[in-house]
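Engineer: Provided herewith: final.txt, compact mmCIF, C-alpha atoms and all ligand atoms.
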# COMPACT_ATOMS: atom_id res chain seq x y z
CA MET A 1 -10.76 49.52 20.38
CA HIS A 2 -7.43 48.51 21.94
CA ASN A 3 -6.40 44.88 22.37
CA PHE A 4 -7.49 43.44 25.68
CA SER A 5 -8.03 40.23 27.58
CA PHE A 6 -10.99 39.95 29.90
CA HIS A 7 -11.47 37.51 32.74
CA ASN A 8 -13.83 37.97 35.67
CA PRO A 9 -14.12 34.79 37.72
CA THR A 10 -16.47 36.06 40.47
CA LYS A 11 -19.71 34.10 40.70
CA LEU A 12 -22.56 36.54 41.30
CA ILE A 13 -25.46 35.32 43.44
CA MET A 14 -28.24 37.87 43.35
CA GLY A 15 -31.61 38.16 45.06
CA LYS A 16 -33.86 37.90 48.07
CA GLY A 17 -32.89 35.23 50.60
CA THR A 18 -29.62 34.31 48.88
CA ILE A 19 -27.45 34.69 52.00
CA ALA A 20 -28.69 31.18 52.90
CA GLU A 21 -26.66 29.87 49.95
CA LEU A 22 -23.45 30.44 51.92
CA SER A 23 -23.94 27.03 53.46
CA LYS A 24 -23.29 25.27 50.16
CA GLU A 25 -20.96 27.78 48.50
CA ILE A 26 -18.22 27.54 51.16
CA PRO A 27 -16.65 24.07 51.39
CA ILE A 28 -17.48 22.50 54.77
CA ASP A 29 -13.85 21.56 55.48
CA LYS A 30 -12.68 25.19 55.47
CA LYS A 31 -11.79 27.23 58.53
CA VAL A 32 -13.58 30.47 57.78
CA MET A 33 -12.79 33.93 59.15
CA ILE A 34 -15.84 36.20 58.80
CA THR A 35 -14.96 39.88 58.75
CA PHE A 36 -17.33 42.73 59.66
CA GLY A 37 -17.46 46.50 60.03
CA GLY A 38 -18.79 48.38 63.01
CA GLY A 39 -22.02 46.54 63.68
CA SER A 40 -24.72 47.62 61.18
CA VAL A 41 -25.14 43.92 60.29
CA LYS A 42 -26.32 43.15 63.82
CA LYS A 43 -29.11 45.73 63.57
CA ASN A 44 -30.43 44.77 60.12
CA GLY A 45 -30.46 40.99 60.52
CA VAL A 46 -27.59 40.23 58.11
CA TYR A 47 -25.41 38.84 60.91
CA ASP A 48 -28.12 36.38 61.97
CA GLN A 49 -28.64 35.24 58.37
CA VAL A 50 -24.89 34.63 57.92
CA LYS A 51 -24.56 32.75 61.21
CA THR A 52 -27.59 30.59 60.45
CA ALA A 53 -26.24 29.73 57.01
CA LEU A 54 -22.81 28.82 58.41
CA ALA A 55 -24.06 27.02 61.52
CA ARG A 56 -22.26 23.80 60.52
CA HIS A 57 -19.02 25.52 59.44
CA ASN A 58 -15.96 26.13 61.58
CA THR A 59 -15.85 29.94 61.87
CA VAL A 60 -14.02 32.73 63.66
CA GLU A 61 -15.14 36.38 63.59
CA PHE A 62 -13.18 39.61 63.20
CA TRP A 63 -15.02 42.87 63.92
CA GLY A 64 -14.18 46.52 63.44
CA ILE A 65 -12.98 47.06 59.88
CA GLU A 66 -13.76 50.77 59.66
CA PRO A 67 -14.72 52.96 56.66
CA ASN A 68 -11.52 53.50 54.63
CA PRO A 69 -9.96 50.38 56.15
CA ALA A 70 -6.82 51.08 58.15
CA ILE A 71 -3.68 48.98 58.05
CA GLU A 72 -3.52 49.39 61.82
CA THR A 73 -6.78 47.35 62.10
CA LEU A 74 -5.95 44.87 59.33
CA ARG A 75 -2.69 43.88 61.03
CA LYS A 76 -4.78 42.63 63.98
CA ALA A 77 -7.06 40.62 61.67
CA ILE A 78 -4.05 39.02 59.97
CA GLU A 79 -2.57 38.12 63.35
CA LEU A 80 -5.85 36.46 64.41
CA GLY A 81 -6.23 34.67 61.06
CA LYS A 82 -2.70 33.25 61.26
CA LYS A 83 -3.23 32.11 64.84
CA GLU A 84 -6.51 30.42 63.93
CA LYS A 85 -5.07 28.94 60.71
CA VAL A 86 -8.00 30.17 58.60
CA ASP A 87 -8.09 29.09 54.96
CA PHE A 88 -11.21 30.91 53.74
CA LEU A 89 -12.35 34.51 54.24
CA LEU A 90 -15.90 35.85 54.12
CA ALA A 91 -16.27 39.64 54.08
CA VAL A 92 -19.71 40.84 55.21
CA GLY A 93 -20.14 44.56 54.61
CA GLY A 94 -19.50 47.43 52.23
CA GLY A 95 -16.44 48.26 50.16
CA SER A 96 -14.33 48.94 53.23
CA VAL A 97 -14.84 45.51 54.79
CA ILE A 98 -14.33 43.82 51.41
CA ASP A 99 -11.21 45.87 50.56
CA GLY A 100 -9.73 45.29 54.00
CA THR A 101 -10.39 41.57 53.66
CA LYS A 102 -8.60 41.52 50.29
CA LEU A 103 -5.48 42.77 52.07
CA ILE A 104 -6.00 40.22 54.85
CA SER A 105 -6.23 37.47 52.21
CA ALA A 106 -2.74 38.37 50.98
CA GLY A 107 -1.39 39.19 54.44
CA LEU A 108 -2.20 35.73 55.75
CA LEU A 109 0.35 34.26 53.33
CA TYR A 110 2.94 37.05 53.74
CA GLU A 111 5.73 37.03 56.30
CA GLY A 112 6.57 40.74 56.47
CA ASP A 113 4.53 43.76 57.56
CA PRO A 114 1.34 43.89 55.44
CA TRP A 115 1.83 47.60 54.64
CA GLU A 116 4.71 46.41 52.44
CA LEU A 117 2.08 44.69 50.27
CA VAL A 118 0.35 48.04 49.76
CA GLU A 119 3.70 49.60 48.84
CA ILE A 120 4.37 46.80 46.36
CA GLY A 121 0.83 47.39 45.06
CA SER A 122 -0.34 43.84 44.41
CA SER A 123 -0.25 40.20 45.44
CA THR A 124 -1.97 37.17 43.99
CA ASN A 125 -0.70 34.82 46.67
CA THR A 126 -3.94 34.87 48.64
CA VAL A 127 -6.38 32.87 50.72
CA PRO A 128 -9.74 32.52 48.87
CA LEU A 129 -12.26 35.21 49.71
CA ALA A 130 -16.01 35.61 49.21
CA THR A 131 -18.36 38.45 50.09
CA VAL A 132 -21.85 39.33 51.28
CA LEU A 133 -22.27 42.89 50.02
CA THR A 134 -24.29 45.34 52.13
CA LEU A 135 -23.61 48.63 50.32
CA PRO A 136 -23.77 49.15 46.53
CA ALA A 137 -20.97 51.55 45.54
CA THR A 138 -17.44 50.33 45.04
CA GLY A 139 -17.72 47.26 42.82
CA SER A 140 -15.20 45.58 45.15
CA GLU A 141 -17.50 42.55 45.28
CA MET A 142 -16.62 41.75 41.66
CA ASN A 143 -13.18 43.22 41.05
CA ASN A 144 -9.63 42.66 42.26
CA GLY A 145 -9.02 46.15 43.65
CA ALA A 146 -8.83 47.46 47.20
CA VAL A 147 -7.96 50.81 48.72
CA ILE A 148 -6.08 50.74 52.02
CA SER A 149 -5.44 53.62 54.41
CA ARG A 150 -2.73 54.28 56.95
CA ARG A 151 -3.99 56.55 59.71
CA GLU A 152 -0.62 57.50 61.24
CA THR A 153 0.60 59.06 57.98
CA LYS A 154 -2.82 60.01 56.50
CA GLU A 155 -2.13 57.97 53.36
CA LYS A 156 -4.54 56.02 51.14
CA TYR A 157 -3.40 53.82 48.24
CA GLY A 158 -4.73 51.19 45.86
CA PHE A 159 -3.83 47.50 46.17
CA TYR A 160 -4.64 44.68 43.72
CA SER A 161 -5.18 41.05 44.59
CA LYS A 162 -7.61 38.37 43.38
CA HIS A 163 -11.33 38.66 42.64
CA PRO A 164 -13.74 37.25 45.22
CA VAL A 165 -14.65 33.62 44.49
CA PHE A 166 -18.33 34.54 44.82
CA SER A 167 -20.40 37.48 46.02
CA ILE A 168 -23.91 37.45 47.41
CA LEU A 169 -26.07 40.50 46.63
CA ASP A 170 -29.42 40.58 48.41
CA PRO A 171 -31.07 43.97 47.72
CA GLU A 172 -33.07 43.74 50.97
CA VAL A 173 -29.90 44.28 53.01
CA THR A 174 -29.66 47.82 51.59
CA PHE A 175 -33.00 48.89 53.13
CA SER A 176 -31.17 49.92 56.32
CA LEU A 177 -28.55 52.14 54.67
CA PRO A 178 -28.29 55.72 55.99
CA PRO A 179 -29.30 58.30 53.33
CA HIS A 180 -25.78 59.78 53.22
CA GLN A 181 -24.29 56.36 52.36
CA ILE A 182 -26.87 55.93 49.58
CA ALA A 183 -26.00 59.36 48.18
CA CYS A 184 -22.28 58.56 48.32
CA GLY A 185 -22.87 55.12 46.77
CA LEU A 186 -24.79 56.62 43.86
CA ALA A 187 -22.10 59.29 43.34
CA ASP A 188 -19.34 56.67 43.49
CA THR A 189 -21.13 54.49 40.94
CA PHE A 190 -21.73 57.46 38.62
CA VAL A 191 -18.09 58.55 38.77
CA HIS A 192 -16.77 55.01 38.27
CA ILE A 193 -18.63 54.97 34.98
CA LEU A 194 -17.32 58.43 34.04
CA GLU A 195 -13.72 57.46 34.83
CA GLN A 196 -13.99 54.76 32.15
CA TYR A 197 -16.23 56.65 29.72
CA LEU A 198 -15.22 60.30 29.80
CA ALA A 199 -11.83 59.95 28.13
CA LYS A 200 -11.41 59.26 24.40
CA ALA A 201 -14.27 59.37 21.91
CA GLY A 202 -14.76 56.78 19.17
CA GLU A 203 -12.93 53.84 20.73
CA SER A 204 -15.90 51.53 21.13
CA ARG A 205 -19.59 52.01 20.44
CA VAL A 206 -20.54 49.04 22.59
CA MET A 207 -18.57 50.24 25.64
CA ASP A 208 -20.07 53.72 25.20
CA ARG A 209 -23.61 52.38 25.03
CA TRP A 210 -23.17 50.05 28.01
CA ALA A 211 -21.70 52.91 30.05
CA GLU A 212 -24.49 55.26 28.97
CA GLY A 213 -27.10 52.65 29.92
CA LEU A 214 -25.63 52.51 33.41
CA LEU A 215 -25.34 56.32 33.68
CA ARG A 216 -28.96 56.76 32.65
CA THR A 217 -30.04 54.13 35.14
CA VAL A 218 -28.31 55.99 37.98
CA VAL A 219 -29.95 59.29 36.95
CA GLU A 220 -33.35 57.57 36.72
CA ILE A 221 -33.28 55.64 40.00
CA ALA A 222 -31.60 58.27 42.22
CA PRO A 223 -34.70 60.45 42.85
CA LEU A 224 -36.93 57.38 43.21
CA ILE A 225 -34.63 55.83 45.82
CA LYS A 226 -34.75 59.10 47.75
CA GLU A 227 -38.53 58.72 47.93
CA ASN A 228 -38.54 55.04 48.83
CA GLN A 229 -35.37 53.09 49.59
CA GLN A 230 -37.43 50.07 50.65
CA ASP A 231 -38.40 49.44 47.01
CA TYR A 232 -36.85 46.06 46.20
CA GLN A 233 -36.73 46.50 42.41
CA LEU A 234 -35.10 49.92 42.69
CA MET A 235 -32.45 48.70 45.12
CA ALA A 236 -31.84 45.63 42.94
CA ASP A 237 -31.13 47.93 40.00
CA PHE A 238 -28.88 50.09 42.19
CA MET A 239 -26.88 47.01 43.27
CA MET A 240 -26.54 45.70 39.73
CA THR A 241 -25.51 49.11 38.38
CA ALA A 242 -22.84 49.58 41.04
CA THR A 243 -21.42 46.11 40.41
CA MET A 244 -21.45 46.43 36.62
CA ALA A 245 -19.86 49.88 36.86
CA LEU A 246 -16.57 48.53 38.16
CA ASN A 247 -16.20 44.87 37.29
CA GLY A 248 -14.44 45.42 33.97
CA PHE A 249 -17.51 45.12 31.75
CA ILE A 250 -17.42 48.74 30.52
CA SER A 251 -13.66 49.18 30.23
CA MET A 252 -12.81 46.53 27.63
CA GLY A 253 -10.51 48.03 25.02
CA VAL A 254 -11.07 51.67 26.01
CA THR A 255 -8.84 54.35 27.57
CA GLU A 256 -9.58 55.17 31.22
CA ASP A 257 -9.01 58.27 33.33
CA TRP A 258 -9.12 57.75 37.20
CA SER A 259 -7.57 61.13 38.06
CA THR A 260 -10.70 62.23 39.95
CA HIS A 261 -10.31 59.18 42.19
CA MET A 262 -6.65 59.88 42.85
CA ILE A 263 -7.49 63.41 44.00
CA GLY A 264 -10.51 62.15 45.94
CA HIS A 265 -8.39 59.63 47.88
CA GLU A 266 -6.20 62.48 49.10
CA LEU A 267 -9.26 64.42 50.31
CA THR A 268 -10.40 61.37 52.27
CA ALA A 269 -6.94 60.69 53.68
CA LEU A 270 -6.37 64.30 54.72
CA CYS A 271 -9.89 65.41 55.70
CA GLY A 272 -11.89 62.23 56.34
CA LEU A 273 -14.53 62.99 53.68
CA THR A 274 -16.56 59.93 52.55
CA HIS A 275 -15.22 58.49 49.31
CA GLY A 276 -18.26 59.08 47.05
CA HIS A 277 -18.61 62.61 48.39
CA THR A 278 -15.05 63.53 47.40
CA LEU A 279 -15.84 62.46 43.83
CA ALA A 280 -18.99 64.61 43.67
CA ILE A 281 -16.80 67.59 44.55
CA VAL A 282 -13.82 66.83 42.29
CA MET A 283 -15.50 65.49 39.11
CA PRO A 284 -17.01 68.79 37.89
CA GLY A 285 -13.57 70.40 38.42
CA THR A 286 -11.85 67.69 36.37
CA MET A 287 -14.37 68.15 33.56
CA HIS A 288 -13.82 71.90 33.59
CA VAL A 289 -10.01 71.90 33.62
CA LEU A 290 -9.68 69.05 31.08
CA ARG A 291 -12.50 70.27 28.84
CA LYS A 292 -10.29 70.48 25.74
CA GLN A 293 -8.88 66.94 26.01
CA LYS A 294 -12.29 65.54 26.85
CA GLU A 295 -14.32 67.78 24.54
CA ALA A 296 -15.84 65.11 22.26
CA LYS A 297 -16.73 62.82 25.15
CA ILE A 298 -18.23 65.60 27.30
CA LEU A 299 -20.41 66.65 24.36
CA GLN A 300 -21.56 63.04 23.87
CA PHE A 301 -22.18 62.63 27.61
CA GLY A 302 -24.15 65.89 27.78
CA GLU A 303 -26.31 64.97 24.82
CA ARG A 304 -27.00 61.33 25.65
CA ILE A 305 -27.42 61.58 29.43
CA PHE A 306 -28.72 65.10 30.07
CA GLY A 307 -30.15 66.06 26.64
CA VAL A 308 -27.79 69.03 26.18
CA VAL A 309 -27.87 69.74 22.43
CA THR A 310 -28.05 73.50 21.84
CA GLY A 311 -25.40 76.23 21.71
CA THR A 312 -21.71 76.29 20.85
CA HIS A 313 -19.44 73.49 22.03
CA ASP A 314 -18.24 75.64 24.92
CA MET A 315 -21.80 76.45 25.97
CA ARG A 316 -22.78 72.78 25.82
CA ILE A 317 -19.76 71.75 27.89
CA ASP A 318 -20.56 74.41 30.51
CA GLU A 319 -24.17 73.27 30.64
CA THR A 320 -23.14 69.59 30.96
CA ILE A 321 -20.78 70.41 33.85
CA ARG A 322 -23.57 72.44 35.48
CA LYS A 323 -26.01 69.53 35.12
CA THR A 324 -23.45 67.05 36.48
CA GLU A 325 -22.92 69.18 39.59
CA ALA A 326 -26.70 69.66 39.94
CA PHE A 327 -27.14 65.89 39.81
CA PHE A 328 -24.70 65.41 42.69
CA ARG A 329 -26.45 68.16 44.67
CA SER A 330 -29.81 66.48 44.01
CA LEU A 331 -28.44 63.44 45.86
CA GLY A 332 -28.03 65.66 48.94
CA LEU A 333 -24.26 66.12 48.65
CA THR A 334 -22.31 69.37 48.77
CA THR A 335 -20.10 69.99 45.74
CA ARG A 336 -17.69 72.69 46.91
CA LEU A 337 -14.64 72.32 49.15
CA SER A 338 -15.52 75.47 51.11
CA GLU A 339 -18.86 73.91 52.09
CA GLU A 340 -16.80 71.26 53.90
CA ASN A 341 -14.43 73.86 55.39
CA ILE A 342 -11.59 72.68 53.19
CA GLY A 343 -9.27 75.48 52.09
CA THR A 344 -6.14 76.21 50.12
CA ASP A 345 -3.83 74.64 52.73
CA ILE A 346 -5.24 71.20 51.84
CA ILE A 347 -5.04 71.99 48.12
CA ASP A 348 -1.37 72.92 48.53
CA GLU A 349 -0.71 69.70 50.43
CA ILE A 350 -2.30 67.61 47.66
CA GLU A 351 -0.22 69.42 45.05
CA HIS A 352 2.88 68.74 47.15
CA ARG A 353 2.02 65.02 47.54
CA PHE A 354 1.39 64.63 43.80
CA ASN A 355 4.68 66.36 43.00
CA GLU A 356 6.58 64.20 45.47
CA ARG A 357 5.45 61.04 43.68
CA ASP A 358 5.86 62.66 40.25
CA ALA A 359 2.17 62.05 39.52
CA HIS A 360 0.89 62.01 35.93
CA TYR A 361 -2.67 60.74 36.23
CA GLY A 362 -5.50 60.63 33.72
CA GLU A 363 -5.83 59.27 30.19
CA ASP A 364 -3.01 61.45 28.84
CA GLY A 365 -0.96 61.65 32.02
CA LEU A 366 -1.79 65.34 32.27
CA VAL A 367 -2.92 65.46 35.88
CA THR A 368 0.20 66.55 37.74
CA GLY A 369 0.36 68.36 41.07
CA ALA A 370 -0.20 71.69 39.36
CA VAL A 371 -3.22 70.44 37.42
CA ALA A 372 -4.71 68.80 40.52
CA LYS A 373 -4.39 72.18 42.21
CA GLU A 374 -6.17 73.87 39.29
CA ILE A 375 -8.99 71.30 39.49
CA LEU A 376 -9.41 71.81 43.22
CA LEU A 377 -9.32 75.62 42.98
CA GLN A 378 -12.12 75.32 40.41
CA VAL A 379 -14.36 73.64 43.01
CA LEU A 380 -13.25 75.67 46.04
O1 LIG A 401 -19.27 49.43 59.54
P1 LIG A 401 -20.71 49.21 59.53
O2 LIG A 401 -21.32 49.26 60.89
O3 LIG A 401 -21.13 47.99 58.78
O4 LIG A 401 -21.39 50.48 58.79
C1 LIG A 401 -21.08 50.83 57.45
C2 LIG A 401 -20.15 52.05 57.36
O5 LIG A 401 -20.26 52.85 58.51
C3 LIG A 401 -22.33 51.33 56.81
N1 LIG A 401 -23.13 50.28 56.17
C4 LIG A 401 -22.73 49.39 55.21
N2 LIG A 401 -23.77 48.63 54.83
C5 LIG A 401 -24.85 49.02 55.57
C6 LIG A 401 -24.44 50.06 56.43
N3 LIG A 401 -25.28 50.66 57.31
C7 LIG A 401 -26.56 50.23 57.34
N4 LIG A 401 -27.02 49.26 56.52
C8 LIG A 401 -26.21 48.63 55.64
N5 LIG A 401 -26.68 47.69 54.80
O6 LIG A 401 -21.90 52.22 55.79
C9 LIG A 401 -20.69 52.86 56.20
C10 LIG A 401 -19.74 52.97 55.04
O7 LIG A 401 -19.32 51.70 54.61
P2 LIG A 401 -18.07 51.54 53.60
O8 LIG A 401 -17.84 50.10 53.42
O9 LIG A 401 -16.95 52.40 54.08
O10 LIG A 401 -18.63 52.21 52.27
P3 LIG A 401 -18.29 51.90 50.75
O11 LIG A 401 -18.91 50.64 50.31
O12 LIG A 401 -18.65 53.12 50.03
O13 LIG A 401 -16.71 51.67 50.71
C11 LIG A 401 -15.82 52.76 50.69
C12 LIG A 401 -14.39 52.27 50.58
O14 LIG A 401 -14.18 51.57 49.34
C13 LIG A 401 -13.09 52.17 48.62
C14 LIG A 401 -13.15 53.60 49.07
O15 LIG A 401 -11.97 54.30 48.81
C15 LIG A 401 -13.41 53.44 50.55
O16 LIG A 401 -12.24 53.14 51.24
N6 LIG A 401 -13.23 51.92 47.17
C16 LIG A 401 -12.98 50.68 46.73
C17 LIG A 401 -12.95 50.37 45.38
C18 LIG A 401 -12.65 49.02 44.89
N7 LIG A 401 -12.31 48.08 45.76
O17 LIG A 401 -12.69 48.76 43.70
C19 LIG A 401 -13.21 51.38 44.35
C20 LIG A 401 -13.83 52.62 44.87
O18 LIG A 401 -13.53 53.67 43.97
C21 LIG A 401 -13.39 53.02 46.24
O19 LIG A 401 -12.17 53.72 46.19
ZN ZN A 402 -14.90 55.09 43.74
Show how you would write the structure in this file as structure tokens.
Structural biologist:
Amino acid sequence: MHNFSFHNPTKLIMGKGTIAELSKEIPIDKKVMITFGGGSVKKNGVYDQVKTALARHNTVEFWGIEPNPAIETLRKAIELGKKEKVDFLLAVGGGSVIDGTKLISAGLLYEGDPWELVEIGSSTNTVPLATVLTLPATGSEMNNGAVISRRETKEKYGFYSKHPVFSILDPEVTFSLPPHQIACGLADTFVHILEQYLAKAGESRVMDRWAEGLLRTVVEIAPLIKENQQDYQLMADFMMTATMALNGFISMGVTEDWSTHMIGHELTALCGLTHGHTLAIVMPGTMHVLRKQKEAKILQFGERIFGVVTGTHDMRIDETIRKTEAFFRSLGLTTRLSEENIGTDIIDEIEHRFNERDAHYGEDGLVTGAVAKEILLQVL
């Protein structure tokens, strides 16, 4: 186990009816900007719950933070927030609304163009932010990361700011999620765990076992959610798993990968594919191409999650990759680029972009443009 320091200040408020707690969690003297996506919260009753809870607060609303939040939209939110002198932000939505609001929270206290913040990569000079999560997937509700897109140049990059002050997770709000978003949320959660687990063996038994507990939970609940997404206990477990998968709890003192995400972000930026879906396509390719570096961990993963125990090491690795891909397909996702009409021109562009920024992603810095190309050709 490597040295580490761990600090996660987000207060988690979990359960049925907890949106009502907004009234006492946000100080009454704050000017609050509430940020939303495209309108799902109006159909499922979340908007009404938020407005009822904040009836006595001074609020202003910003609508239209789209999936893969765009700087072009966030600039408008920052302009409104500055004009209204807001000093508290409440993001109501999925990872996109929360991520976008993290950039707004820094942009409100920044004089230049907010895209500069993305280029710098981080800012902790922020207005406090809280969230009401509506989609389990990204972990953004309990971490300090965000991913911001720029439509005009088809770019998508990470940005780090502060953790939310608190996040409200009511599993009932997930009952209205479209099946594709559930599939992508489960895939995203699964791959978040793998990015932190499928690197070096023998660094920490406790991190391994926590990660494996979460992986097994995803495999167990996925088919049940497909049958009945109105099951409160199932959706509560889904929400908890997604949050725990990317709030730092399983990465203490262990080496992480994240190359699948870096390739996935390019597929979203260039082709518009949903985030979790890109990971379902890329992850089996990463496992295949980096099978030597990851050998011990893939064997452990195969045995403990999918029960793969027979054959030579190579046979077991092949079978584990096959079962991983089959799991993603069982969610209802395609796992090959050609199924999404993505061809070698996009692969070449991603190689070019990685080379331009001299990319060396992954636990050993091995994922360069050429290796990313190899990974993508594997899943063509
Ligand atoms: O916009 P609305 O109308 O609200 O609809 C949304 C959106 O169309 C809809 N939705 C959300 N909750 C719903 C609902 N529809 C019905 N009922 C509900 N309860 O779902 C659609 C997708 O929402 P989005 O927020 O885009 O999805 P997700 O939570 O998967 O977020 C994806 C974004 O997060 C980034 C991704 O790259 C992507 O930009 N990520 C953020 C991370 C982080 N901050 O740590 C890590 C992740 O790896 C990821 O990169
Ligand atoms: Zn992700």
Engineer: Residues within 6 Å of ligand LIG 401 (chain A), counting all atoms listed in the file: report them as an MDAnalysis selection string.
Structural biologist: chainID A and resid 37:41 66:68 93:97 99 134:135 137:140 145:147 173:174 176:178 181 185 275
Engineer: Rounded to one decimal in Å, what is the spacing between CA of Ala280 (chain A) and CA of Ala236 (chain A)?
Structural biologist: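 These two atoms are separated by 22.9 Å.
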Engineer: Could the residues that lie within 12 Å of ligand ZN 402 (chain A), counting only C-alpha atoms and all ligand atoms, be listed as JSON, numbers by chain?
Structural biologist: {"A": [68, 95, 96, 136, 137, 138, 139, 140, 145, 146, 147, 158, 184, 185, 186, 187, 188, 189, 190, 191, 192, 193, 194, 195, 196, 242, 243, 245, 246, 258, 259, 260, 261, 262, 263, 264, 265, 268, 274, 275, 276, 277, 278, 279, 280, 282, 283]}
Engineer: Write the residues of the preceding selection, restricted to C-alpha atoms, as a PDB file, in the coordinates of the input.
Structural biologist:
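Ended up saving to again_33.pdb:
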ATOM      1  CA  ASN A  68     -11.520  53.500  54.630  1.00  0.00           C
ATOM      2  CA  GLY A  95     -16.440  48.260  50.160  1.00  0.00           C
ATOM      3  CA  SER A  96     -14.330  48.940  53.230  1.00  0.00           C
ATOM      4  CA  PRO A 136     -23.770  49.150  46.530  1.00  0.00           C
ATOM      5  CA  ALA A 137     -20.970  51.550  45.540  1.00  0.00           C
ATOM      6  CA  THR A 138     -17.440  50.330  45.040  1.00  0.00           C
ATOM      7  CA  GLY A 139     -17.720  47.260  42.820  1.00  0.00           C
ATOM      8  CA  SER A 140     -15.200  45.580  45.150  1.00  0.00           C
ATOM      9  CA  GLY A 145      -9.020  46.150  43.650  1.00  0.00           C
ATOM     10  CA  ALA A 146      -8.830  47.460  47.200  1.00  0.00           C
ATOM     11  CA  VAL A 147      -7.960  50.810  48.720  1.00  0.00           C
ATOM     12  CA  GLY A 158      -4.730  51.190  45.860  1.00  0.00           C
ATOM     13  CA  CYS A 184     -22.280  58.560  48.320  1.00  0.00           C
ATOM     14  CA  GLY A 185     -22.870  55.120  46.770  1.00  0.00           C
ATOM     15  CA  LEU A 186     -24.790  56.620  43.860  1.00  0.00           C
ATOM     16  CA  ALA A 187     -22.100  59.290  43.340  1.00  0.00           C
ATOM     17  CA  ASP A 188     -19.340  56.670  43.490  1.00  0.00           C
ATOM     18  CA  THR A 189     -21.130  54.490  40.940  1.00  0.00           C
ATOM     19  CA  PHE A 190     -21.730  57.460  38.620  1.00  0.00           C
ATOM     20  CA  VAL A 191     -18.090  58.550  38.770  1.00  0.00           C
ATOM     21  CA  HIS A 192     -16.770  55.010  38.270  1.00  0.00           C
ATOM     22  CA  ILE A 193     -18.630  54.970  34.980  1.00  0.00           C
ATOM     23  CA  LEU A 194     -17.320  58.430  34.040  1.00  0.00           C
ATOM     24  CA  GLU A 195     -13.720  57.460  34.830  1.00  0.00           C
ATOM     25  CA  GLN A 196     -13.990  54.760  32.150  1.00  0.00           C
ATOM     26  CA  ALA A 242     -22.840  49.580  41.040  1.00  0.00           C
ATOM     27  CA  THR A 243     -21.420  46.110  40.410  1.00  0.00           C
ATOM     28  CA  ALA A 245     -19.860  49.880  36.860  1.00  0.00           C
ATOM     29  CA  LEU A 246     -16.570  48.530  38.160  1.00  0.00           C
ATOM     30  CA  TRP A 258      -9.120  57.750  37.200  1.00  0.00           C
ATOM     31  CA  SER A 259      -7.570  61.130  38.060  1.00  0.00           C
ATOM     32  CA  THR A 260     -10.700  62.230  39.950  1.00  0.00           C
ATOM     33  CA  HIS A 261     -10.310  59.180  42.190  1.00  0.00           C
ATOM     34  CA  MET A 262      -6.650  59.880  42.850  1.00  0.00           C
ATOM     35  CA  ILE A 263      -7.490  63.410  44.000  1.00  0.00           C
ATOM     36  CA  GLY A 264     -10.510  62.150  45.940  1.00  0.00           C
ATOM     37  CA  HIS A 265      -8.390  59.630  47.880  1.00  0.00           C
ATOM     38  CA  THR A 268     -10.400  61.370  52.270  1.00  0.00           C
ATOM     39  CA  THR A 274     -16.560  59.930  52.550  1.00  0.00           C
ATOM     40  CA  HIS A 275     -15.220  58.490  49.310  1.00  0.00           C
ATOM     41  CA  GLY A 276     -18.260  59.080  47.050  1.00  0.00           C
ATOM     42  CA  HIS A 277     -18.610  62.610  48.390  1.00  0.00           C
ATOM     43  CA  THR A 278     -15.050  63.530  47.400  1.00  0.00           C
ATOM     44  CA  LEU A 279     -15.840  62.460  43.830  1.00  0.00           C
ATOM     45  CA  ALA A 280     -18.990  64.610  43.670  1.00  0.00           C
ATOM     46  CA  VAL A 282     -13.820  66.830  42.290  1.00  0.00           C
ATOM     47  CA  MET A 283     -15.500  65.490  39.110  1.00  0.00           C
TER      48      MET A 283
END
Engineer: CA of Glu303 (chain A) and CA of Met287 (chain A) are how many Å apart?
Structural biologist: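 Value for the CA of Glu303 (chain A)-CA of Met287 (chain A) distance: 15.1 Å.
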Engineer: Please list as an mmCIF file with C-alpha atoms, in the frame of the given file every residue within 9 Å of Met235 (chain A), counting all atoms listed in the file and excluding residues in the same chain fewer than 6 positions away.
Structural biologist:
data_model
loop_
_atom_site.group_PDB
_atom_site.id
_atom_site.type_symbol
_atom_site.label_atom_id
_atom_site.label_comp_id
_atom_site.auth_asym_id
_atom_site.auth_seq_id
_atom_site.Cartn_x
_atom_site.Cartn_y
_atom_site.Cartn_z
ATOM 1 C CA PRO A 136 -23.770 49.150 46.530
ATOM 2 C CA PRO A 171 -31.070 43.970 47.720
ATOM 3 C CA GLU A 172 -33.070 43.740 50.970
ATOM 4 C CA THR A 174 -29.660 47.820 51.590
ATOM 5 C CA PHE A 175 -33.000 48.890 53.130
ATOM 6 C CA ILE A 221 -33.280 55.640 40.000
ATOM 7 C CA ILE A 225 -34.630 55.830 45.820
ATOM 8 C CA GLN A 229 -35.370 53.090 49.590
#
Engineer: Please, which residues are within 9 Å of (-3.9, 64.4, 54.1) by the file's coordinates, counting all atoms listed in the file, and could they come as a VMD selection string?
Structural biologist: chain A and resid 153 to 156 266 to 272 346 349 to 350 353
Engineer: Fewer than 6 positions away in the same chain doesn't count, so skip those; otherwise give me all residues within 8 Å of Val308 (chain A), counting all atoms listed in the file, as a list of chain:residue names.
Structural biologist: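 So the residues in contact are A:Leu299, A:Gly302, A:Arg316, A:Glu319, A:Thr320.
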Engineer: Keeping C-alpha atoms for every residue in the selection just given, could you write it to a file as an mmCIF file, keeping the file's coordinate frame?
Structural biologist:
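So again-v6.cif came out as:
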data_model
loop_
_atom_site.group_PDB
_atom_site.id
_atom_site.type_symbol
_atom_site.label_atom_id
_atom_site.label_comp_id
_atom_site.auth_asym_id
_atom_site.auth_seq_id
_atom_site.Cartn_x
_atom_site.Cartn_y
_atom_site.Cartn_z
ATOM 1 C CA LEU A 299 -20.410 66.650 24.360
ATOM 2 C CA GLY A 302 -24.150 65.890 27.780
ATOM 3 C CA ARG A 316 -22.780 72.780 25.820
ATOM 4 C CA GLU A 319 -24.170 73.270 30.640
ATOM 5 C CA THR A 320 -23.140 69.590 30.960
#
